[in-house]
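Engineer: Structure supplied as final36.tsv; contents: TSV, C-alpha atoms and all ligand atoms.
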```tsv
chain	number	residue	atom	x	y	z
A	1	MET	CA	-83.18	-24.13	29.22
A	2	HIS	CA	-83.03	-25.00	32.90
A	3	GLY	CA	-80.74	-23.94	35.68
A	4	GLY	CA	-78.46	-26.40	37.42
A	5	ASN	CA	-76.42	-27.65	34.45
A	6	VAL	CA	-73.08	-27.65	36.25
A	7	TYR	CA	-71.79	-30.37	33.92
A	8	ALA	CA	-71.99	-28.17	30.81
A	9	ALA	CA	-70.37	-25.28	32.69
A	10	SER	CA	-67.53	-27.46	33.99
A	11	ARG	CA	-66.79	-28.71	30.46
A	12	GLU	CA	-66.94	-25.21	29.05
A	13	LEU	CA	-64.71	-23.69	31.74
A	14	SER	CA	-62.47	-26.80	32.03
A	15	CYS	CA	-62.98	-26.92	35.76
A	16	ASP	CA	-64.33	-29.31	38.32
A	17	VAL	CA	-68.03	-29.12	39.22
A	18	ARG	CA	-66.90	-28.31	42.79
A	19	ASP	CA	-65.21	-25.12	41.58
A	20	LEU	CA	-68.53	-23.69	40.41
A	21	ILE	CA	-71.07	-21.88	42.57
A	22	ASP	CA	-74.51	-22.67	41.26
A	23	PHE	CA	-77.10	-19.96	41.88
A	24	SER	CA	-79.14	-21.15	38.88
A	25	ALA	CA	-80.82	-24.09	40.65
A	26	SER	CA	-82.42	-23.28	43.99
A	27	ILE	CA	-81.26	-26.01	46.33
A	28	ASN	CA	-81.18	-25.80	50.14
A	29	PRO	CA	-77.65	-24.53	50.89
A	30	LEU	CA	-77.48	-26.61	54.10
A	31	GLY	CA	-77.56	-29.70	51.87
A	32	PRO	CA	-79.38	-32.94	52.60
A	33	SER	CA	-80.16	-34.01	56.16
A	34	PRO	CA	-77.28	-35.86	57.88
A	35	LEU	CA	-79.78	-38.72	58.32
A	36	VAL	CA	-79.81	-39.11	54.53
A	37	TRP	CA	-76.09	-39.92	54.41
A	38	LYS	CA	-76.50	-42.52	57.16
A	39	ALA	CA	-79.56	-44.12	55.55
A	40	VAL	CA	-77.96	-44.29	52.11
A	41	SER	CA	-74.77	-45.92	53.34
A	42	LYS	CA	-76.76	-48.42	55.44
A	43	ALA	CA	-78.85	-49.35	52.38
A	44	ARG	CA	-75.93	-50.26	50.08
A	45	HIS	CA	-77.17	-53.85	49.86
A	46	LEU	CA	-80.25	-52.60	47.97
A	47	LEU	CA	-78.17	-51.67	44.93
A	48	SER	CA	-78.29	-55.26	43.75
A	49	HIS	CA	-82.09	-55.34	43.83
A	50	TYR	CA	-84.72	-53.57	41.78
A	51	PRO	CA	-86.27	-50.68	43.69
A	52	ASP	CA	-89.68	-51.11	45.30
A	53	PRO	CA	-92.08	-50.23	42.45
A	54	GLU	CA	-94.71	-49.19	45.01
A	55	CYS	CA	-92.36	-46.85	46.95
A	56	TRP	CA	-94.29	-48.31	49.86
A	57	GLU	CA	-92.33	-47.08	52.88
A	58	LEU	CA	-91.93	-43.60	51.48
A	59	ARG	CA	-95.63	-43.36	50.65
A	60	GLN	CA	-96.51	-44.57	54.15
A	61	ALA	CA	-94.37	-41.82	55.68
A	62	LEU	CA	-95.84	-39.18	53.37
A	63	ALA	CA	-99.38	-40.38	54.10
A	64	ARG	CA	-98.74	-39.93	57.83
A	65	ARG	CA	-97.31	-36.49	57.22
A	66	TRP	CA	-100.17	-35.25	55.04
A	67	GLN	CA	-102.91	-37.14	56.88
A	68	CYS	CA	-104.07	-38.83	53.73
A	69	ASP	CA	-104.48	-42.34	52.47
A	70	VAL	CA	-101.43	-44.04	51.00
A	71	GLU	CA	-103.51	-44.59	47.84
A	72	GLN	CA	-103.63	-40.82	47.39
A	73	LEU	CA	-99.88	-40.67	46.78
A	74	VAL	CA	-97.79	-41.43	43.74
A	75	VAL	CA	-94.00	-41.00	43.64
A	76	GLY	CA	-92.10	-40.10	40.48
A	77	ASN	CA	-88.57	-39.68	39.21
A	78	GLY	CA	-88.60	-36.07	40.31
A	79	SER	CA	-91.81	-34.07	40.05
A	80	MET	CA	-90.73	-33.63	36.42
A	81	GLU	CA	-91.75	-37.19	35.58
A	82	LEU	CA	-95.23	-36.51	36.97
A	83	ILE	CA	-95.47	-33.17	35.13
A	84	HIS	CA	-94.75	-35.00	31.88
A	85	ALA	CA	-97.31	-37.71	32.62
A	86	LEU	CA	-100.13	-35.29	33.51
A	87	PRO	CA	-101.49	-34.23	30.09
A	88	SER	CA	-101.90	-37.78	28.80
A	89	ALA	CA	-102.96	-39.27	32.14
A	90	LEU	CA	-105.66	-36.64	32.71
A	91	SER	CA	-106.46	-35.95	29.03
A	92	ILE	CA	-105.55	-32.27	29.33
A	93	ARG	CA	-105.69	-30.63	25.89
A	94	HIS	CA	-105.94	-26.93	26.70
A	95	LEU	CA	-104.05	-25.56	29.68
A	96	LEU	CA	-104.43	-22.20	31.35
A	97	LEU	CA	-100.97	-21.26	32.54
A	98	LEU	CA	-99.81	-18.38	34.65
A	99	GLN	CA	-96.74	-16.65	33.21
A	100	PRO	CA	-93.86	-16.30	33.74
A	101	THR	CA	-93.52	-19.77	35.20
A	102	PHE	CA	-91.65	-23.06	35.10
A	103	ALA	CA	-91.18	-23.87	31.41
A	104	GLU	CA	-91.90	-27.60	31.53
A	105	TYR	CA	-95.67	-27.17	31.68
A	106	ALA	CA	-95.75	-25.48	28.28
A	107	ALA	CA	-93.12	-27.92	26.99
A	108	THR	CA	-95.12	-31.00	27.94
A	109	MET	CA	-98.29	-29.58	26.39
A	110	ALA	CA	-96.36	-28.92	23.16
A	111	ARG	CA	-95.01	-32.48	23.23
A	112	THR	CA	-98.48	-33.98	23.56
A	113	GLY	CA	-100.01	-31.69	20.93
A	114	GLY	CA	-102.03	-29.64	23.45
A	115	ARG	CA	-102.63	-25.90	23.65
A	116	VAL	CA	-101.54	-23.36	26.27
A	117	THR	CA	-103.14	-20.01	27.03
A	118	GLY	CA	-100.97	-17.78	29.17
A	119	VAL	CA	-102.28	-15.45	31.87
A	120	SER	CA	-99.57	-12.95	32.67
A	121	ALA	CA	-98.70	-11.78	36.13
A	122	LYS	CA	-98.03	-8.04	35.84
A	123	ARG	CA	-94.72	-6.45	36.54
A	124	SER	CA	-96.57	-3.34	37.77
A	125	GLU	CA	-98.10	-5.59	40.48
A	126	GLN	CA	-94.72	-7.12	41.33
A	127	TYR	CA	-95.83	-10.28	39.51
A	128	ALA	CA	-98.49	-11.03	42.15
A	129	LEU	CA	-100.34	-14.21	41.17
A	130	PRO	CA	-103.53	-13.10	39.37
A	131	ILE	CA	-105.74	-15.56	41.18
A	132	ASP	CA	-108.87	-13.41	40.83
A	133	ARG	CA	-108.35	-13.10	37.10
A	134	LEU	CA	-107.96	-16.88	36.84
A	135	ARG	CA	-111.15	-17.39	38.81
A	136	ARG	CA	-113.04	-14.90	36.63
A	137	ILE	CA	-111.84	-16.71	33.49
A	138	LEU	CA	-113.09	-19.99	34.94
A	139	CYS	CA	-116.45	-18.55	35.88
A	140	ALA	CA	-116.99	-16.71	32.56
A	141	ARG	CA	-119.66	-18.15	30.30
A	142	SER	CA	-117.73	-17.53	27.08
A	143	LYS	CA	-117.07	-20.34	24.62
A	144	ARG	CA	-113.32	-19.85	25.11
A	145	SER	CA	-113.43	-20.36	28.87
A	146	HIS	CA	-115.29	-23.63	28.28
A	147	SER	CA	-112.43	-25.04	26.24
A	148	TYR	CA	-109.93	-25.17	29.14
A	149	ASP	CA	-109.49	-28.48	30.83
A	150	GLY	CA	-106.58	-27.68	33.13
A	151	ILE	CA	-104.93	-24.88	35.12
A	152	VAL	CA	-101.41	-24.92	36.52
A	153	LEU	CA	-100.32	-22.70	39.33
A	154	CYS	CA	-96.89	-22.90	40.96
A	155	ASN	CA	-97.18	-21.80	44.58
A	156	PRO	CA	-94.65	-20.30	45.21
A	157	ASN	CA	-94.15	-19.51	41.56
A	158	SER	CA	-90.80	-19.88	39.85
A	159	PRO	CA	-89.06	-17.63	38.83
A	160	THR	CA	-90.98	-14.82	40.54
A	161	GLY	CA	-91.16	-16.22	44.10
A	162	GLN	CA	-94.74	-14.98	44.50
A	163	VAL	CA	-97.44	-16.89	46.36
A	164	CYS	CA	-101.15	-16.88	46.87
A	165	ASN	CA	-102.75	-17.84	50.14
A	166	ALA	CA	-104.40	-21.19	50.71
A	167	ALA	CA	-107.89	-19.64	51.14
A	168	ASP	CA	-107.78	-17.97	47.68
A	169	LEU	CA	-106.45	-21.16	46.21
A	170	MET	CA	-109.33	-23.11	47.73
A	171	GLU	CA	-111.79	-20.74	46.06
A	172	LEU	CA	-110.06	-21.32	42.74
A	173	ALA	CA	-110.16	-25.05	43.44
A	174	GLN	CA	-113.90	-24.90	44.08
A	175	ALA	CA	-114.46	-22.99	40.82
A	176	ALA	CA	-112.33	-25.54	38.93
A	177	GLU	CA	-114.18	-28.41	40.59
A	178	ARG	CA	-117.58	-26.98	39.60
A	179	ARG	CA	-116.42	-26.62	36.01
A	180	GLY	CA	-114.76	-30.06	35.92
A	181	ILE	CA	-111.33	-28.54	35.19
A	182	TRP	CA	-108.10	-29.98	36.56
A	183	LEU	CA	-106.21	-27.73	38.96
A	184	ILE	CA	-102.54	-28.64	39.27
A	185	VAL	CA	-100.80	-26.87	42.12
A	186	ASP	CA	-97.03	-27.19	41.93
A	187	GLU	CA	-95.73	-26.89	45.49
A	188	SER	CA	-92.09	-27.69	44.71
A	189	PHE	CA	-91.03	-24.69	46.81
A	190	ALA	CA	-93.85	-24.75	49.38
A	191	ASP	CA	-91.61	-26.10	52.15
A	192	TYR	CA	-90.35	-22.52	52.43
A	193	CYS	CA	-93.83	-21.19	53.23
A	194	PRO	CA	-95.77	-24.17	54.65
A	195	GLU	CA	-98.72	-21.98	55.70
A	196	ARG	CA	-99.51	-21.42	51.98
A	197	SER	CA	-99.74	-25.10	51.14
A	198	LEU	CA	-102.93	-26.94	50.25
A	199	LEU	CA	-101.62	-29.90	52.28
A	200	PRO	CA	-102.98	-31.53	54.31
A	201	ARG	CA	-106.01	-31.37	52.00
A	202	LYS	CA	-109.28	-30.32	53.56
A	203	GLY	CA	-112.36	-31.81	51.96
A	204	ARG	CA	-112.71	-33.97	48.90
A	205	PHE	CA	-111.55	-32.68	45.57
A	206	ALA	CA	-111.76	-34.96	42.58
A	207	ARG	CA	-109.88	-32.53	40.33
A	208	ILE	CA	-106.91	-31.20	42.34
A	209	VAL	CA	-103.40	-32.54	41.98
A	210	VAL	CA	-100.71	-31.19	44.33
A	211	LEU	CA	-97.12	-31.75	43.26
A	212	ARG	CA	-94.19	-31.82	45.65
A	213	SER	CA	-90.46	-32.22	45.10
A	214	LEU	CA	-87.59	-33.59	47.20
A	215	THR	CA	-85.17	-31.62	45.03
A	216	LYS	CA	-85.26	-28.14	46.51
A	217	PHE	CA	-85.82	-28.04	50.25
A	218	TYR	CA	-84.47	-31.55	50.86
A	219	ALA	CA	-81.50	-30.92	48.56
A	220	LEU	CA	-81.70	-34.20	46.61
A	221	PRO	CA	-81.66	-33.02	42.95
A	222	GLY	CA	-79.31	-35.81	41.87
A	223	LEU	CA	-81.56	-38.56	43.22
A	224	ARG	CA	-84.77	-37.47	41.42
A	225	VAL	CA	-87.73	-37.84	43.76
A	226	GLY	CA	-91.05	-36.00	43.63
A	227	TYR	CA	-94.64	-36.96	44.35
A	228	ALA	CA	-98.25	-36.06	43.76
A	229	VAL	CA	-101.17	-35.98	46.20
A	230	ALA	CA	-104.60	-36.45	44.62
A	231	ASP	CA	-107.72	-38.55	44.95
A	232	ALA	CA	-107.07	-42.29	44.68
A	233	PRO	CA	-108.62	-42.75	41.19
A	234	VAL	CA	-106.48	-39.85	39.88
A	235	VAL	CA	-103.38	-41.42	41.41
A	236	GLN	CA	-104.22	-44.70	39.67
A	237	GLN	CA	-104.60	-42.88	36.36
A	238	LEU	CA	-101.20	-41.22	36.81
A	239	ARG	CA	-99.50	-44.47	37.78
A	240	ARG	CA	-100.64	-46.08	34.57
A	241	HIS	CA	-98.59	-43.46	32.69
A	242	LEU	CA	-95.35	-44.00	34.60
A	243	PRO	CA	-92.75	-46.64	33.80
A	244	PRO	CA	-92.10	-49.31	36.45
A	245	TRP	CA	-89.15	-48.79	38.85
A	246	SER	CA	-88.76	-45.15	37.88
A	247	VAL	CA	-87.76	-44.14	41.42
A	248	SER	CA	-84.36	-45.58	42.37
A	249	ALA	CA	-83.78	-47.55	45.55
A	250	MET	CA	-81.37	-44.89	46.86
A	251	GLY	CA	-83.83	-42.16	45.98
A	252	GLN	CA	-86.51	-43.85	48.06
A	253	VAL	CA	-84.19	-44.47	51.01
A	254	ALA	CA	-82.87	-40.91	50.96
A	255	ALA	CA	-86.31	-39.34	50.60
A	256	LEU	CA	-87.66	-41.38	53.51
A	257	ALA	CA	-84.81	-40.25	55.78
A	258	ALA	CA	-85.11	-36.65	54.57
A	259	VAL	CA	-88.83	-36.20	55.27
A	260	GLN	CA	-88.42	-37.68	58.75
A	261	ASP	CA	-85.76	-35.21	59.90
A	262	GLN	CA	-87.74	-32.37	61.46
A	263	ILE	CA	-84.68	-30.78	63.06
A	264	HIS	CA	-82.82	-30.30	59.79
A	265	ALA	CA	-86.02	-29.00	58.21
A	266	MET	CA	-86.46	-26.41	60.95
A	267	ARG	CA	-82.81	-25.36	60.79
A	268	SER	CA	-83.03	-24.98	57.01
A	269	LEU	CA	-86.16	-22.86	57.20
A	270	GLN	CA	-84.65	-20.60	59.86
A	271	PHE	CA	-81.43	-20.16	57.90
A	272	ILE	CA	-83.10	-19.36	54.58
A	273	THR	CA	-85.62	-16.98	56.10
A	274	LYS	CA	-82.85	-14.91	57.68
A	275	GLU	CA	-80.28	-15.07	54.88
A	276	ARG	CA	-82.89	-14.29	52.22
A	277	VAL	CA	-83.68	-10.97	53.91
A	278	ARG	CA	-80.01	-10.04	54.17
A	279	PHE	CA	-79.14	-11.12	50.61
A	280	ALA	CA	-82.20	-9.44	49.08
A	281	GLY	CA	-81.42	-6.26	51.02
A	282	GLU	CA	-77.85	-6.17	49.65
A	283	LEU	CA	-79.06	-6.80	46.10
A	284	ALA	CA	-81.70	-4.10	46.43
A	285	ILE	CA	-79.13	-1.39	47.18
A	286	MET	CA	-77.15	-2.12	44.02
A	287	PRO	CA	-77.65	0.88	41.75
A	288	GLY	CA	-80.42	0.33	39.22
A	289	CYS	CA	-81.38	-3.17	40.43
A	290	THR	CA	-85.01	-3.95	41.29
A	291	VAL	CA	-85.55	-6.83	43.69
A	292	LEU	CA	-88.98	-8.45	43.88
A	293	PRO	CA	-90.52	-9.92	47.02
A	294	THR	CA	-90.07	-13.67	47.39
A	295	TYR	CA	-91.35	-16.55	49.51
A	296	ALA	CA	-88.99	-19.22	48.17
A	297	ASN	CA	-85.24	-19.82	48.39
A	298	PHE	CA	-84.48	-17.70	45.35
A	299	ILE	CA	-84.65	-14.04	44.44
A	300	PHE	CA	-86.04	-12.64	41.20
A	301	LEU	CA	-84.53	-9.33	40.18
A	302	GLU	CA	-84.16	-6.92	37.33
A	303	LEU	CA	-80.78	-5.59	36.26
A	304	PRO	CA	-80.28	-1.89	35.59
A	305	ARG	CA	-81.33	-0.44	32.23
A	306	GLY	CA	-78.77	-1.09	29.50
A	307	TRP	CA	-78.08	-4.62	30.71
A	308	HIS	CA	-79.40	-7.85	29.23
A	309	ALA	CA	-79.82	-10.85	31.52
A	310	ALA	CA	-77.92	-13.11	29.09
A	311	ALA	CA	-74.90	-10.78	29.10
A	312	MET	CA	-74.77	-10.73	32.90
A	313	ALA	CA	-75.15	-14.52	33.08
A	314	ALA	CA	-72.24	-14.92	30.63
A	315	ARG	CA	-70.13	-12.39	32.54
A	316	LEU	CA	-70.64	-14.16	35.91
A	317	ARG	CA	-70.17	-17.58	34.34
A	318	ARG	CA	-66.61	-16.68	33.44
A	319	ASP	CA	-66.00	-16.41	37.20
A	320	GLY	CA	-67.66	-19.77	37.87
A	321	LEU	CA	-70.91	-18.25	39.15
A	322	LEU	CA	-74.03	-19.65	37.48
A	323	ILE	CA	-77.26	-17.66	37.58
A	324	ARG	CA	-80.62	-18.18	35.83
A	325	ASP	CA	-81.11	-15.87	32.89
A	326	CYS	CA	-84.91	-15.46	32.75
A	327	SER	CA	-85.04	-13.33	29.60
A	328	ASP	CA	-86.23	-16.34	27.57
A	329	MET	CA	-89.27	-16.96	29.78
A	330	PRO	CA	-92.61	-15.76	28.38
A	331	GLY	CA	-93.85	-12.97	30.64
A	332	ALA	CA	-90.44	-12.01	32.08
A	333	GLY	CA	-88.35	-9.04	30.96
A	334	ALA	CA	-85.02	-9.02	29.12
A	335	ARG	CA	-83.27	-7.80	32.28
A	336	SER	CA	-84.71	-10.47	34.59
A	337	ILE	CA	-82.52	-12.93	36.45
A	338	ARG	CA	-83.11	-15.41	39.27
A	339	VAL	CA	-80.51	-16.26	41.90
A	340	ALA	CA	-80.72	-18.92	44.59
A	341	VAL	CA	-80.14	-18.02	48.23
A	342	ARG	CA	-76.99	-19.93	49.13
A	343	SER	CA	-74.59	-19.80	52.07
A	344	ARG	CA	-73.62	-16.36	53.34
A	345	ARG	CA	-70.12	-16.80	51.95
A	346	ASP	CA	-71.36	-17.77	48.45
A	347	ASN	CA	-73.92	-14.97	48.46
A	348	ASP	CA	-71.23	-12.45	49.40
A	349	ARG	CA	-69.09	-13.67	46.52
A	350	LEU	CA	-71.97	-13.14	44.11
A	351	LEU	CA	-72.62	-9.68	45.56
A	352	ARG	CA	-68.98	-8.65	45.05
A	353	THR	CA	-68.76	-10.03	41.51
A	354	LEU	CA	-72.12	-8.57	40.52
A	355	ALA	CA	-71.15	-5.17	41.93
A	356	GLY	CA	-67.88	-5.29	39.94
A	357	ALA	CA	-69.71	-6.18	36.71
A	358	LEU	CA	-72.27	-3.42	37.23
A	359	ARG	CA	-69.49	-0.89	37.85
A	360	GLN	CA	-67.81	-1.88	34.59
A	361	GLY	CA	-71.13	-1.74	32.73
A	362	PRO	CA	-72.39	-3.88	29.87
A	363	ALA	CA	-69.77	-4.67	27.21
B	401	LIG	C1	-91.71	-25.07	39.82
B	401	LIG	C2	-90.97	-26.35	39.55
B	401	LIG	N1	-91.65	-27.49	39.48
B	401	LIG	C3	-91.03	-28.65	39.24
B	401	LIG	C4	-89.66	-28.71	39.05
B	401	LIG	C5	-89.01	-30.04	38.79
B	401	LIG	O1	-88.37	-30.48	39.94
B	401	LIG	P1	-87.91	-31.98	40.19
B	401	LIG	O2	-88.21	-32.77	38.96
B	401	LIG	O3	-86.47	-31.91	40.49
B	401	LIG	O4	-88.74	-32.47	41.35
B	401	LIG	C6	-88.91	-27.55	39.11
B	401	LIG	C7	-87.45	-27.59	38.87
B	401	LIG	O5	-86.77	-26.63	38.72
B	401	LIG	C8	-89.58	-26.33	39.37
B	401	LIG	O6	-88.91	-25.17	39.45
```
Using structure tokens, write down the structure from this file.
Ligand SMILES: Cc1ncc(COP(=O)(O)O)c(C=O)c1O
Structural biologist:
Amino acid sequence: MHGGNVYAASRELSCDVRDLIDFSASINPLGPSPLVWKAVSKARHLLSHYPDPECWELRQALARRWQCDVEQLVVGNGSMELIHALPSALSIRHLLLLQPTFAEYAATMARTGGRVTGVSAKRSEQYALPIDRLRRILCARSKRSHSYDGIVLCNPNSPTGQVCNAADLMELAQAAERRGIWLIVDESFADYCPERSLLPRKGRFARIVVLRSLTKFYALPGLRVGYAVADAPVVQQLRRHLPPWSVSAMGQVAALAAVQDQIHAMRSLQFITKERVRFAGELAIMPGCTVLPTYANFIFLELPRGWHAAAMAARLRRDGLLIRDCSDMPGAGARSIRVAVRSRRDNDRLLRTLAGALRQGPA
């Protein structure tokens, strides 16, 4: 189950997609850069051609941005396509996975017949990323620790919104490098806390793959663009596992315009940073709700005792408000939900409806 399925909700509620307010996918509420609209309409002639299989212009722009070689970049149909290619491309059979986290990592391991060992972030520590524990597991001399060949860490993590700092991550990277284990750092939400990112990469790492997405911060979920930054031989390995032309012409054009608009990026960051504090503060004063600290454009919270996340999601859905019920995620509690930070008006609507539901109590 993923957030963002407005199509299913519109069929179920017999309403237009535009009548729904989607808090279940965390997309920049300011929308795509205005430069994206211009670029896409200027590129209409490209619809009658195959897209550039090399994503050349986009990779050039990303290489300039991350001060890396263009050969260190591979673009996919959303970061999801790359996530699904990773186990076979890198021969990962046993993955160490922080939990709770984005479900696709476990799903792709199951699909390729691999194994997952979860390392749980603790609720009592506000789901702080257990980076020390991961490092200790890597450095242990036990037989078990020798069977891992990959670690995934989402930084910031979804759904918890927690981060680790780049210095700690580098230490983990060095431990992984020494042991010859792949470290995959999913930075799909790192545009909201750029100081935590591993990019631009410092030093040579043969075993680190950083994933980025154009879905969240650049608000292009419908166009499906994501990319990976890794050493050139790793990029070549990944490319061999991707189908040709998987990134559409419009996706490439839009992504190129999006990453070049610094003004929209700055405006988005300023807006989210401010609105997140206000929204989280309002949620935190709702009786019985526990709000966890976050560095992304979503908030992870626990409903009061007596509630189940699924019941609240169903209750809000009737009013056209979609939230992410996290009760099905290994490592999260039955009362856990995640809501995106949207416009002030949308957030106020959620606050009012949530307050009403809490007053009425669970059915
Ligand atoms: C942590 C994380 N990584 C990757 C993805 C996939 O994003 P996309 O394929 O849209 O780039 C998501 C989507 O929700 C996510 O939350």
Engineer: Put a box with edges along x, y and z around all the listed atoms of ligand LIG 401 (chain B), pad it by 8 Å on each side, then give me its centre and sizes in Å, one decimal, as AutoDock Vina command-line options.
Structural biologist:
```
--center_x -89.1 --center_y -28.9 --center_z 40.0 --size_x 21.2 --size_y 23.7 --size_z 18.6
```
Engineer: I need the residue nearest ligand LIG 401 (chain B) from this list: A:Leu62, A:Leu223, A:Ile208, A:Leu358. Use all atoms listed in the file for the distance.
Structural biologist: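 Checking each of A:Leu62, A:Leu223, A:Ile208, A:Leu358 against ligand LIG 401 (chain B), counting all atoms listed in the file, the winner is A:Leu223.
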Engineer: Counting all atoms listed in the file, which protein, DNA or RNA residues come within 10 Å of ligand LIG 401 (chain B), given as number ranges by chain?
Structural biologist: A: 2-4, 24-27, 76-84, 101-105, 153-159, 161, 185-190, 211-216, 219-227
Engineer: Restricting the calculation to only C-alpha atoms: of A:Ala121, A:Ile323, A:Leu283, A:Cys193, which residue gets closest to Ala296 of chain A?
Structural biologist: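 Of all the options, A:Cys193 lies closest to Ala296 of chain A.
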Engineer: Given the choices A:Leu169, A:Val291, A:Leu47, A:Val36, which gets closest to Arg196 of chain A if the distance is worked out from all atoms listed in the file?
Structural biologist: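 The answer is A:Leu169, which sits nearest to Arg196 of chain A.
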Engineer: State, in Å with one decimal place, the distance from atom CA of Gly288 of chain A to atom CA of Trp307 of chain A.
Structural biologist: 10.1 Å
Engineer: One decimal, in Å: what's the spacing between atom CA of Tyr127 of chain A and atom CA of Glu171 of chain A?
Structural biologist: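 The value is 20.2 Å.
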Engineer: Smallest atom-to-atom distance to Ala176 of chain A: which of A:Leu134, A:Gly114, A:Pro194, A:Thr160, using only C-alpha atoms?
Structural biologist: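 Checking each candidate against Ala176 of chain A, we get A:Leu134 as the closest.
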Engineer: By how many Å are atom CA of Ile337 of chain A and atom CA of Ala313 of chain A apart?
Structural biologist: 8.3 Å
Engineer: Measuring atom to atom with all atoms listed in the file, identify which of A:Val163, A:Val75, A:Val40, A:Val116 is nearest to Leu95 of chain A.
Structural biologist: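 Smallest distance to Leu95 of chain A is found for A:Val116.
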Engineer: Which residues come within 9 Å of segment 240-244 of chain A, counting all atoms listed in the file, excluding same-chain residues fewer than 4 positions away, as a list in words?
Structural biologist: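 My reading of the contact set: Pro53, Glu54, Gly76, Glu81, Leu82, Ala85, Leu86, Ser88, Ala89, Val235 and Gln236 of chain A.
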Engineer: Select, from A:Glu12, A:Leu20, A:Pro32, A:Asn297, the residue with the minimum atom-to-atom distance to Ile263 of chain A, counting only C-alpha atoms.
Structural biologist: A:Pro32
Engineer: Which neighbours of Arg324 of chain A fall inside 12 Å, counting all atoms listed in the file, when residues of the same chain fewer than 2 positions from it are skipped, and could you give them as a ChimeraX atom specification?
Structural biologist: /A:1-5,22-26,158-160,298-302,309-314,316-317,321-322,326-329,335-340
Engineer: Residues as selected, C-alpha atoms, written as a PDB file, keeping the file's coordinate frame, can you do that?
Structural biologist:
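out-v5.pdb, written as the output of this step:
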```pdb
ATOM      1  CA  MET A   1     -83.180 -24.130  29.220  1.00  0.00           C
ATOM      2  CA  HIS A   2     -83.030 -25.000  32.900  1.00  0.00           C
ATOM      3  CA  GLY A   3     -80.740 -23.940  35.680  1.00  0.00           C
ATOM      4  CA  GLY A   4     -78.460 -26.400  37.420  1.00  0.00           C
ATOM      5  CA  ASN A   5     -76.420 -27.650  34.450  1.00  0.00           C
ATOM      6  CA  ASP A  22     -74.510 -22.670  41.260  1.00  0.00           C
ATOM      7  CA  PHE A  23     -77.100 -19.960  41.880  1.00  0.00           C
ATOM      8  CA  SER A  24     -79.140 -21.150  38.880  1.00  0.00           C
ATOM      9  CA  ALA A  25     -80.820 -24.090  40.650  1.00  0.00           C
ATOM     10  CA  SER A  26     -82.420 -23.280  43.990  1.00  0.00           C
ATOM     11  CA  SER A 158     -90.800 -19.880  39.850  1.00  0.00           C
ATOM     12  CA  PRO A 159     -89.060 -17.630  38.830  1.00  0.00           C
ATOM     13  CA  THR A 160     -90.980 -14.820  40.540  1.00  0.00           C
ATOM     14  CA  PHE A 298     -84.480 -17.700  45.350  1.00  0.00           C
ATOM     15  CA  ILE A 299     -84.650 -14.040  44.440  1.00  0.00           C
ATOM     16  CA  PHE A 300     -86.040 -12.640  41.200  1.00  0.00           C
ATOM     17  CA  LEU A 301     -84.530  -9.330  40.180  1.00  0.00           C
ATOM     18  CA  GLU A 302     -84.160  -6.920  37.330  1.00  0.00           C
ATOM     19  CA  ALA A 309     -79.820 -10.850  31.520  1.00  0.00           C
ATOM     20  CA  ALA A 310     -77.920 -13.110  29.090  1.00  0.00           C
ATOM     21  CA  ALA A 311     -74.900 -10.780  29.100  1.00  0.00           C
ATOM     22  CA  MET A 312     -74.770 -10.730  32.900  1.00  0.00           C
ATOM     23  CA  ALA A 313     -75.150 -14.520  33.080  1.00  0.00           C
ATOM     24  CA  ALA A 314     -72.240 -14.920  30.630  1.00  0.00           C
ATOM     25  CA  LEU A 316     -70.640 -14.160  35.910  1.00  0.00           C
ATOM     26  CA  ARG A 317     -70.170 -17.580  34.340  1.00  0.00           C
ATOM     27  CA  LEU A 321     -70.910 -18.250  39.150  1.00  0.00           C
ATOM     28  CA  LEU A 322     -74.030 -19.650  37.480  1.00  0.00           C
ATOM     29  CA  CYS A 326     -84.910 -15.460  32.750  1.00  0.00           C
ATOM     30  CA  SER A 327     -85.040 -13.330  29.600  1.00  0.00           C
ATOM     31  CA  ASP A 328     -86.230 -16.340  27.570  1.00  0.00           C
ATOM     32  CA  MET A 329     -89.270 -16.960  29.780  1.00  0.00           C
ATOM     33  CA  ARG A 335     -83.270  -7.800  32.280  1.00  0.00           C
ATOM     34  CA  SER A 336     -84.710 -10.470  34.590  1.00  0.00           C
ATOM     35  CA  ILE A 337     -82.520 -12.930  36.450  1.00  0.00           C
ATOM     36  CA  ARG A 338     -83.110 -15.410  39.270  1.00  0.00           C
ATOM     37  CA  VAL A 339     -80.510 -16.260  41.900  1.00  0.00           C
ATOM     38  CA  ALA A 340     -80.720 -18.920  44.590  1.00  0.00           C
TER      39      ALA A 340
END
```
Engineer: If we draw a sphere of 12 Å around (-113.6, -34.8, 54.6), which residues have at least one atom in it when counting all atoms listed in the file? Please report them as a list in words.
Structural biologist: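 Counting all atoms listed in the file, I find these residues within 12 Å of (-113.6, -34.8, 54.6): Gln67, Cys68, Pro200, Arg201, Lys202, Gly203, Arg204, Phe205 and Asp231 of chain A.
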Engineer: I want to know what sits within 10 Å of Asp69 of chain A, based on all atoms listed in the file, with residues of the same chain fewer than 5 positions away left out; could you give that as a ChimeraX atom specification?
Structural biologist: /A:59-60,62-64,229-232
